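What follows is a set of notes on a single structure, which appears directly below.
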Amino acid sequence: MPKRKDYLSWDEYFMGIALLSSNRSKDPNTRVGACIVNQDKKIMSVGYNGLPSGCSDDEFPWEREGETYDTKYPYVCHAELNAILNNGGGSLRDCKIYVALFPCNECAKAIIQSGIREVIYLSDKYADTVSTKASKRMFDAAGVKYTQLSPKIDELLIDFKKESV
């Protein structure tokens, strides 16, 4: 019997882990996950956008508009930074990071400083913003490759009720 032909590529698999991680976010508008993988295709860390440990997501704002202090922006830690900070201590040098949304300039700095050498992303919907342009400028200068993933599949269903496939 020949092997299955409809299995996930490595990039689709790791992006799927990032997307699954995003479902831990409490943000009512934007949910982003990240998955960091080493050269041996081993997951080093995952993260999602959320508040720092010790800050209750019931007590801090999730608004997008208003006085900055009363919005989510000064408080939320992005998925990429959370994945870097969640790493159990292994080196991230030469790793790849999979993330649904192209990293902002603050996350780009952390990605570069941690030694990650490649960013695989799905969406670049903020491509025209100063933040994204700054990210790309820094990635180019630091030699960090960035690639938009074009998956062969549109969706992946995870069914917790199905016992086996």
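Labels used: A, B, ... for chains in the order of the structure tokens, numbers from 1 for residues in each chain, and numbers from 1 for ligands as shown.
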
Per residue of stretch 55-155 of chain A within 8 Å of stretch 39-43 of chain A, note the shortest atom pair and the distance in Å to one decimal, counting only C-alpha atoms, and order the rows by chain and increasing residue number, as a tab-separated table.
residue	atom	partner	partner_atom	distance
A:Asp94	CA	A:Gln39	CA	7.0
A:Cys95	CA	A:Gln39	CA	6.1
A:Lys96	CA	A:Gln39	CA	7.8

I need the residues from that last selection saved to file as a PDB file, in the first residue's frame (with N, CA, C and O atoms), if you can.
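Done, and the output landed in out-v2.pdb:
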ATOM      1  N   ASP A  94      19.735  30.398  14.668  1.00  0.00           N
ATOM      2  CA  ASP A  94      19.473  29.718  13.394  1.00  0.00           C
ATOM      3  C   ASP A  94      18.102  29.035  13.323  1.00  0.00           C
ATOM      4  O   ASP A  94      17.873  28.214  12.443  1.00  0.00           O
ATOM      5  N   CYS A  95      17.205  29.362  14.249  1.00  0.00           N
ATOM      6  CA  CYS A  95      15.847  28.808  14.203  1.00  0.00           C
ATOM      7  C   CYS A  95      14.989  29.573  13.196  1.00  0.00           C
ATOM      8  O   CYS A  95      15.373  30.628  12.691  1.00  0.00           O
ATOM      9  N   LYS A  96      13.805  29.011  12.944  1.00  0.00           N
ATOM     10  CA  LYS A  96      12.758  29.667  12.165  1.00  0.00           C
ATOM     11  C   LYS A  96      11.618  29.981  13.108  1.00  0.00           C
ATOM     12  O   LYS A  96      11.373  29.235  14.061  1.00  0.00           O
TER      13      LYS A  96
END

Who sits within 8 Å of A:Leu19, only C-alpha atoms, same chain under 3 positions skipped, as a PDB file with N, CA, C and O atoms, in the first residue's frame:
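What follows is the written file out_13.pdb:
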ATOM      1  N   MET A  15       3.088  26.018  10.881  1.00  0.00           N
ATOM      2  CA  MET A  15       2.148  27.133  10.859  1.00  0.00           C
ATOM      3  C   MET A  15       0.849  26.719  11.534  1.00  0.00           C
ATOM      4  O   MET A  15       0.214  27.528  12.237  1.00  0.00           O
ATOM      5  N   GLY A  16       0.456  25.474  11.364  1.00  0.00           N
ATOM      6  CA  GLY A  16      -0.732  24.962  12.046  1.00  0.00           C
ATOM      7  C   GLY A  16      -0.574  25.019  13.560  1.00  0.00           C
ATOM      8  O   GLY A  16      -1.520  25.361  14.279  1.00  0.00           O
ATOM      9  N   SER A  22      -2.644  30.362  18.680  1.00  0.00           N
ATOM     10  CA  SER A  22      -3.359  31.643  18.686  1.00  0.00           C
ATOM     11  C   SER A  22      -4.715  31.543  19.368  1.00  0.00           C
ATOM     12  O   SER A  22      -5.247  32.527  19.870  1.00  0.00           O
ATOM     13  N   ASN A  23      -5.257  30.350  19.421  1.00  0.00           N
ATOM     14  CA  ASN A  23      -6.568  30.150  20.049  1.00  0.00           C
ATOM     15  C   ASN A  23      -6.525  30.232  21.570  1.00  0.00           C
ATOM     16  O   ASN A  23      -7.569  30.197  22.220  1.00  0.00           O
ATOM     17  N   VAL A  32      -3.037  35.964  17.476  1.00  0.00           N
ATOM     18  CA  VAL A  32      -1.842  35.592  16.729  1.00  0.00           C
ATOM     19  C   VAL A  32      -1.070  34.577  17.555  1.00  0.00           C
ATOM     20  O   VAL A  32      -0.942  34.718  18.766  1.00  0.00           O
ATOM     21  N   GLY A  33      -0.552  33.555  16.890  1.00  0.00           N
ATOM     22  CA  GLY A  33       0.299  32.561  17.533  1.00  0.00           C
ATOM     23  C   GLY A  33       1.627  32.492  16.822  1.00  0.00           C
ATOM     24  O   GLY A  33       1.757  32.916  15.674  1.00  0.00           O
ATOM     25  N   ALA A  34       2.622  31.964  17.518  1.00  0.00           N
ATOM     26  CA  ALA A  34       3.957  31.816  16.948  1.00  0.00           C
ATOM     27  C   ALA A  34       4.535  30.469  17.363  1.00  0.00           C
ATOM     28  O   ALA A  34       4.249  29.973  18.460  1.00  0.00           O
ATOM     29  N   VAL A  99       4.632  32.483  12.089  1.00  0.00           N
ATOM     30  CA  VAL A  99       3.671  33.414  12.673  1.00  0.00           C
ATOM     31  C   VAL A  99       2.655  33.814  11.601  1.00  0.00           C
ATOM     32  O   VAL A  99       3.002  33.957  10.428  1.00  0.00           O
ATOM     33  N   ALA A 100       1.394  33.938  12.015  1.00  0.00           N
ATOM     34  CA  ALA A 100       0.338  34.240  11.043  1.00  0.00           C
ATOM     35  C   ALA A 100       0.447  35.643  10.481  1.00  0.00           C
ATOM     36  O   ALA A 100       0.145  35.870   9.312  1.00  0.00           O
TER      37      ALA A 100
END

Practice problem: Could you tell me, as a PyMOL selection string, which residues of chain A DSSP assigns to alpha helix (DSSP H) when given the backbone? | Solution: chain A and resi 10-22+79-86+105-114+130-142

Self-check item: Near-A:Tyr7 list (12 Å; only C-alpha atoms; drop same-chain fewer than 2 positions) as JSON, numbers by chain
Solution: {"A": [3, 4, 5, 9, 10, 11, 12, 13, 151, 152, 153, 156]}

Output file for the selection above: N, CA, C and O atoms, as an mmCIF file, in the first residue's frame:
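Written file, part.cif:
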data_model
loop_
_atom_site.group_PDB
_atom_site.id
_atom_site.type_symbol
_atom_site.label_atom_id
_atom_site.label_comp_id
_atom_site.auth_asym_id
_atom_site.auth_seq_id
_atom_site.Cartn_x
_atom_site.Cartn_y
_atom_site.Cartn_z
ATOM 1 N N LYS A 3 2.059 5.217 0.581
ATOM 2 C CA LYS A 3 1.816 6.171 1.676
ATOM 3 C C LYS A 3 0.783 7.215 1.256
ATOM 4 O O LYS A 3 0.527 7.419 0.074
ATOM 5 N N ARG A 4 0.194 7.860 2.250
ATOM 6 C CA ARG A 4 -0.743 8.957 1.995
ATOM 7 C C ARG A 4 -0.060 10.048 1.194
ATOM 8 O O ARG A 4 1.113 10.323 1.374
ATOM 9 N N LYS A 5 -0.836 10.730 0.375
ATOM 10 C CA LYS A 5 -0.293 11.837 -0.421
ATOM 11 C C LYS A 5 -0.760 13.203 0.089
ATOM 12 O O LYS A 5 -0.208 14.223 -0.283
ATOM 13 N N SER A 9 2.863 19.579 4.722
ATOM 14 C CA SER A 9 4.297 19.871 4.592
ATOM 15 C C SER A 9 4.800 20.319 5.959
ATOM 16 O O SER A 9 4.018 20.649 6.856
ATOM 17 N N TRP A 10 6.110 20.372 6.152
ATOM 18 C CA TRP A 10 6.655 20.867 7.425
ATOM 19 C C TRP A 10 6.188 22.293 7.693
ATOM 20 O O TRP A 10 5.806 22.632 8.813
ATOM 21 N N ASP A 11 6.225 23.137 6.670
ATOM 22 C CA ASP A 11 5.799 24.531 6.863
ATOM 23 C C ASP A 11 4.330 24.612 7.260
ATOM 24 O O ASP A 11 3.959 25.388 8.139
ATOM 25 N N GLU A 12 3.471 23.816 6.638
ATOM 26 C CA GLU A 12 2.054 23.811 6.992
ATOM 27 C C GLU A 12 1.848 23.279 8.414
ATOM 28 O O GLU A 12 1.021 23.799 9.164
ATOM 29 N N TYR A 13 2.622 22.277 8.777
ATOM 30 C CA TYR A 13 2.527 21.696 10.119
ATOM 31 C C TYR A 13 2.879 22.728 11.180
ATOM 32 O O TYR A 13 2.115 22.943 12.124
ATOM 33 N N PRO A 151 0.219 28.025 1.567
ATOM 34 C CA PRO A 151 -0.123 26.627 1.852
ATOM 35 C C PRO A 151 -0.930 26.000 0.726
ATOM 36 O O PRO A 151 -1.646 26.684 0.003
ATOM 37 N N LYS A 152 -0.802 24.685 0.610
ATOM 38 C CA LYS A 152 -1.572 23.932 -0.387
ATOM 39 C C LYS A 152 -3.007 23.715 0.077
ATOM 40 O O LYS A 152 -3.867 23.390 -0.727
ATOM 41 N N ILE A 153 -3.250 23.890 1.375
ATOM 42 C CA ILE A 153 -4.591 23.680 1.928
ATOM 43 C C ILE A 153 -5.140 25.003 2.448
ATOM 44 O O ILE A 153 -4.378 25.904 2.790
ATOM 45 N N LEU A 156 -7.678 23.394 8.106
ATOM 46 C CA LEU A 156 -7.357 22.138 8.759
ATOM 47 C C LEU A 156 -8.322 21.986 9.920
ATOM 48 O O LEU A 156 -8.388 22.845 10.797
#

Quiz item: Looking at only C-alpha atoms, which of A:Val37, A:Ser25, A:Asp140, A:Ser131 is the one that sits closest to A:Arg93?
Solution: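 Among the listed residues, A:Val37 lies closest to A:Arg93.
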